[in-house]
Amino acid sequence: MFFTRRSLYLTLLAIPAGLFGEGPLWPLLVIGGVAVLCGLDWVIAPRPRNLTIARPDVKLRLGTVADLTLEITNSGSRRIKGSVRNGWPPSVSVAPSTVAIDLAPGRRTTATSVISPTRRGKISAGPLTIRSLGVLGLAGRQQSREDDATLTVMPAFTARRFLPSRINRLKEMEGRSLLLVSGEGTEFDSLREYVRGDDVRSIDWRSTARRGETLVKSWRPERDRRIISVLDCGRSSAIRIGDEPRIDSSIETTLLLAALSERSGDRLHVLAHDDALKVRIDPSRRSNMHQVAQALADVQPTLTQTDWKAVAAQVRQTVSTRALVVITTALDSGVVPGGLLEAIPLMKRHTIIIAVATDPTLVTMTETDGSAASTFEAAAAHRTILEEKALADHVARLGATVVFASPENLPAKVADTYLDLKEAGRL
């Protein structure tokens with residue numbers, strides 16, 4: 001049951017009744033009369049359960065908005081006048097959240113709201129609250145019902161701004177990398193007519209004999225290479241850099257790699273791991289980037305320690321040939337012996353990139369203003385930076401390539417490293 005403002009205004013009539021009436025009985029009569037009218041209004045109000053409401057699932061990218069349409073049907077035998085509140089958790093902004101309805105029996109209507117989430121992941125919808133007014137408009141019936149609608153908020157993919165320039169570079173590589181002599185990381189491309197200056201070792205004598213003209217073979221960088229993107233979902237990925245946790249930069253890096261590998265003809269595998277495997281994505285015939293975005297939408301960091309030996313075992317199970325392994329993590333106390341440093345030798349047959357998102361505030365903290373507090377703060381920041389560099393040197397000696405960048409620039413630097421390795425035939 002609920003009461004409207006009209007019942008409140010009628011109740012306020014008890015004040016002048018008490019001031020100008022004779023005796024205290026008049027205010028009580030006014031309040032009692034309003035209570036009786038509200039009770040009658042509640043009794044004769046239509047039942048909210050006669051309304052059928054369909055709320056669909058919605059998918060959108062973080063930072064965008066979407067229209068959510070409710071389909072409301074009056075399946076009862078009486079006219080229903082009231083409102084429906086489209087409830088969602090506080091992380092989802094809904095405008096308008098409440099819509100008025102006035103439906104005759106058997107009629108149907110739609111109500112559209114604009115939803116704007118503030119975090120990624122799969123968000124379950126809140127309750128639908130239905131209010132049915134009585135004839136007098138003083139009170140009515142109220143019902144809240146749950147449904148299984150969900151909102152899937154995929155990563156923002158702000159790194160897509162780096163995609164056009166990297167695709168252009170990839171096109172240039174494919175255009176200018178036709179070679180006359182085969183080598184590591186190359187595959188046969190086509191035959192063409194010999195011109196003066198070509199290397200005689202590239203002449204295809206069998207084709208020349210068949211065609212009656214001198215033909216040479218051309219080669220290009222190999223396609224269909226395997227890439228494995230490993231996302232560290234352990235405690236180090238929960239650290240916030242600026243306004244976002246470190247894992248968000250890992251997801252952005254993976255999405256950019258997915259877009260580039262799809263364009264270059266390589267195949268991307270994705271592993272999200274903490275103390276156990278959380279998400280595994282293998283390449284498919286449909287758009288791999290869209291598949292990766294959907295699968296990583298609900299990946300959140302945990303406070304457990306990442307099991308790096310289990311990560312190495314997953315990498316070995318994923319591919320049986322040489323591959324490029326991109327690990328997005330942090331170089332801190334989480335990679336001391338027993339962690340990543342012992343796992344890298346287990347993956348030595350692969351080309352390994354360690355991508356680390358650095359915190360720009362550390363550089364700011366190294367500056368002092370002469371006070372004792374800022375001096376100690378600067379010393380701690382310098383120590384953290386030196387430890388990070390020492391770990392990076394150790395990782396490099398193990399054969400991995402370490403890429404440092406701020407969270408917003410890390411996807412671009414990893415993509416450039418991938419293209420450099422591809423151009424050099426080292427994938």
# chains A, B, ... in the order shown; residues from 1 in each chain; ligands from 1
>>> residues_around(residues="stretch 400-406 of chain A", least_positions_apart="5", cutoff="6 Å", atoms="only C-alpha atoms", output="compact mmCIF listing (two decimals) with N, CA and C atoms, in the first residue's frame")
# COMPACT_ATOMS: atom_id res chain seq x y z
N ILE A 352 58.51 -14.07 -25.20
CA ILE A 352 57.73 -13.58 -24.06
C ILE A 352 57.87 -12.07 -23.95
N ILE A 353 56.74 -11.41 -23.79
CA ILE A 353 56.70 -9.98 -23.51
C ILE A 353 56.03 -9.80 -22.14
N ILE A 354 56.69 -9.07 -21.25
CA ILE A 354 56.10 -8.72 -19.95
C ILE A 354 55.68 -7.26 -20.05
N ALA A 355 54.38 -7.02 -20.01
CA ALA A 355 53.84 -5.65 -20.13
C ALA A 355 53.47 -5.15 -18.74
N VAL A 356 54.03 -4.01 -18.36
CA VAL A 356 53.84 -3.47 -17.01
C VAL A 356 53.30 -2.05 -17.11
N ALA A 357 52.17 -1.82 -16.47
CA ALA A 357 51.60 -0.47 -16.40
C ALA A 357 52.21 0.24 -15.20
N THR A 358 52.90 1.34 -15.44
CA THR A 358 53.57 2.08 -14.37
C THR A 358 52.66 3.16 -13.81
N VAL A 395 64.31 -10.23 -15.28
CA VAL A 395 63.40 -10.83 -16.26
C VAL A 395 64.02 -10.82 -17.66
>>> select_by_dssp(residues="stretch 128-328 of chain A", states="helix (DSSP H, G or I)", output="ChimeraX atom specification")
/A:158-176,200-202,205-211,235-238,246-264,288-296,308-318
>>> closest_residue(among="A:Asn74, A:Val94, A:Asp67, A:Leu37", to="A:Thr52", atoms="only C-alpha atoms")
A:Asn74
>>> residues_around(residues="A:Met365", least_positions_apart="4", cutoff="7 Å", atoms="only C-alpha atoms", output="list in words")
Thr361, Glu377, Ala378 and Ala381 of chain A
>>> residues_around(residues="A:Gly126", least_positions_apart="5", cutoff="10 Å", atoms="only C-alpha atoms", output="list in words")
Arg85, Asn86, Gly87, Trp88, Pro89, Pro90, Ser144, Arg145, Glu146, Asp147, Asp148, Ala149 and Thr150 of chain A
>>> residues_around(residues="A:Ala258", least_positions_apart="6", cutoff="12 Å", atoms="only C-alpha atoms", output="JSON, numbers by chain")
{"A": [157, 159, 160, 163, 226, 227, 228, 229, 251, 252, 264, 265, 266, 267, 268, 269, 270, 281, 282, 283, 284, 287, 288, 289, 290, 291, 292, 293, 326, 411, 414, 415, 418]}
>>> write_last_selection(atoms="N, CA and C atoms", output="short mmCIF file (atom, residue, chain, number, x, y, z; two decimals), in the first residue's frame")
data_model
loop_
_atom_site.label_atom_id
_atom_site.label_comp_id
_atom_site.auth_asym_id
_atom_site.auth_seq_id
_atom_site.Cartn_x
_atom_site.Cartn_y
_atom_site.Cartn_z
N PHE A 157 37.41 0.05 -24.23
CA PHE A 157 38.34 -0.04 -25.38
C PHE A 157 38.73 1.35 -25.87
N ALA A 159 41.67 2.16 -26.16
CA ALA A 159 42.88 1.96 -26.97
C ALA A 159 42.57 1.85 -28.46
N ARG A 160 41.30 1.88 -28.83
CA ARG A 160 40.98 1.79 -30.26
C ARG A 160 41.50 3.00 -31.03
N LEU A 163 44.42 2.07 -33.07
CA LEU A 163 44.25 1.03 -34.07
C LEU A 163 44.52 1.50 -35.50
N ARG A 226 50.65 -17.84 -33.63
CA ARG A 226 49.90 -17.97 -32.38
C ARG A 226 50.36 -16.91 -31.38
N ILE A 227 49.39 -16.23 -30.78
CA ILE A 227 49.65 -15.24 -29.73
C ILE A 227 48.83 -15.63 -28.50
N ILE A 228 49.44 -15.59 -27.33
CA ILE A 228 48.74 -15.89 -26.09
C ILE A 228 48.84 -14.66 -25.19
N SER A 229 47.70 -14.09 -24.87
CA SER A 229 47.66 -12.94 -23.96
C SER A 229 47.25 -13.45 -22.58
N ILE A 251 43.23 -5.39 -19.89
CA ILE A 251 42.13 -5.69 -20.80
C ILE A 251 42.23 -4.85 -22.07
N GLU A 252 42.57 -3.56 -21.92
CA GLU A 252 42.73 -2.70 -23.09
C GLU A 252 43.85 -3.22 -24.00
N SER A 264 45.85 -9.09 -39.06
CA SER A 264 47.10 -9.61 -39.62
C SER A 264 47.03 -11.10 -39.95
N GLY A 265 45.94 -11.76 -39.57
CA GLY A 265 45.82 -13.19 -39.86
C GLY A 265 46.41 -14.08 -38.79
N ASP A 266 46.85 -13.52 -37.67
CA ASP A 266 47.34 -14.33 -36.56
C ASP A 266 46.18 -14.75 -35.66
N ARG A 267 46.44 -15.73 -34.80
CA ARG A 267 45.39 -16.26 -33.94
C ARG A 267 45.73 -15.99 -32.48
N LEU A 268 44.77 -15.38 -31.77
CA LEU A 268 44.99 -14.95 -30.40
C LEU A 268 44.25 -15.85 -29.42
N HIS A 269 44.97 -16.33 -28.41
CA HIS A 269 44.39 -17.02 -27.26
C HIS A 269 44.49 -16.09 -26.06
N VAL A 270 43.50 -16.14 -25.19
CA VAL A 270 43.47 -15.29 -24.00
C VAL A 270 43.31 -16.17 -22.77
N ILE A 281 39.95 -18.13 -23.73
CA ILE A 281 39.33 -17.82 -25.01
C ILE A 281 40.25 -18.33 -26.11
N ASP A 282 39.71 -19.18 -26.94
CA ASP A 282 40.44 -19.68 -28.10
C ASP A 282 39.88 -19.04 -29.36
N PRO A 283 40.69 -18.84 -30.37
CA PRO A 283 40.21 -18.17 -31.59
C PRO A 283 39.12 -18.98 -32.27
N SER A 284 38.18 -18.26 -32.88
CA SER A 284 37.08 -18.89 -33.60
C SER A 284 36.92 -18.22 -34.95
N SER A 287 34.22 -12.94 -35.22
CA SER A 287 35.10 -11.86 -34.78
C SER A 287 35.70 -12.19 -33.41
N ASN A 288 37.03 -12.36 -33.39
CA ASN A 288 37.69 -12.71 -32.14
C ASN A 288 37.67 -11.55 -31.16
N MET A 289 37.74 -10.33 -31.67
CA MET A 289 37.77 -9.16 -30.79
C MET A 289 36.46 -9.03 -30.01
N HIS A 290 35.32 -9.21 -30.69
CA HIS A 290 34.04 -9.14 -30.00
C HIS A 290 33.91 -10.26 -28.98
N GLN A 291 34.41 -11.42 -29.30
CA GLN A 291 34.38 -12.55 -28.38
C GLN A 291 35.22 -12.25 -27.14
N VAL A 292 36.39 -11.66 -27.33
CA VAL A 292 37.26 -11.32 -26.21
C VAL A 292 36.61 -10.25 -25.33
N ALA A 293 36.02 -9.23 -25.94
CA ALA A 293 35.38 -8.15 -25.18
C ALA A 293 34.25 -8.69 -24.31
N VAL A 326 52.22 -12.75 -24.29
CA VAL A 326 52.18 -11.40 -23.73
C VAL A 326 51.56 -11.49 -22.34
N PRO A 411 48.86 -0.25 -24.12
CA PRO A 411 48.41 -1.01 -25.30
C PRO A 411 49.19 -0.65 -26.57
N VAL A 414 52.80 -2.16 -26.44
CA VAL A 414 52.77 -3.61 -26.66
C VAL A 414 52.47 -3.92 -28.12
N ALA A 415 51.54 -3.18 -28.72
CA ALA A 415 51.22 -3.39 -30.15
C ALA A 415 52.44 -3.11 -31.02
N TYR A 418 54.82 -6.01 -30.73
CA TYR A 418 54.30 -7.14 -31.51
C TYR A 418 54.58 -6.96 -33.01
#
>>> residues_around(residues="A:Phe2", least_positions_apart="6", cutoff="7 Å", atoms="only C-alpha atoms", output="list in words")
Ala139, Gly140, Arg141 and Gln142 of chain A
>>> residues_around(residues="A:Ala45", least_positions_apart="3", cutoff="12 Å", atoms="only C-alpha atoms", output="number ranges by chain")
A: 1-2, 38-42, 48-50, 78-82, 131-142
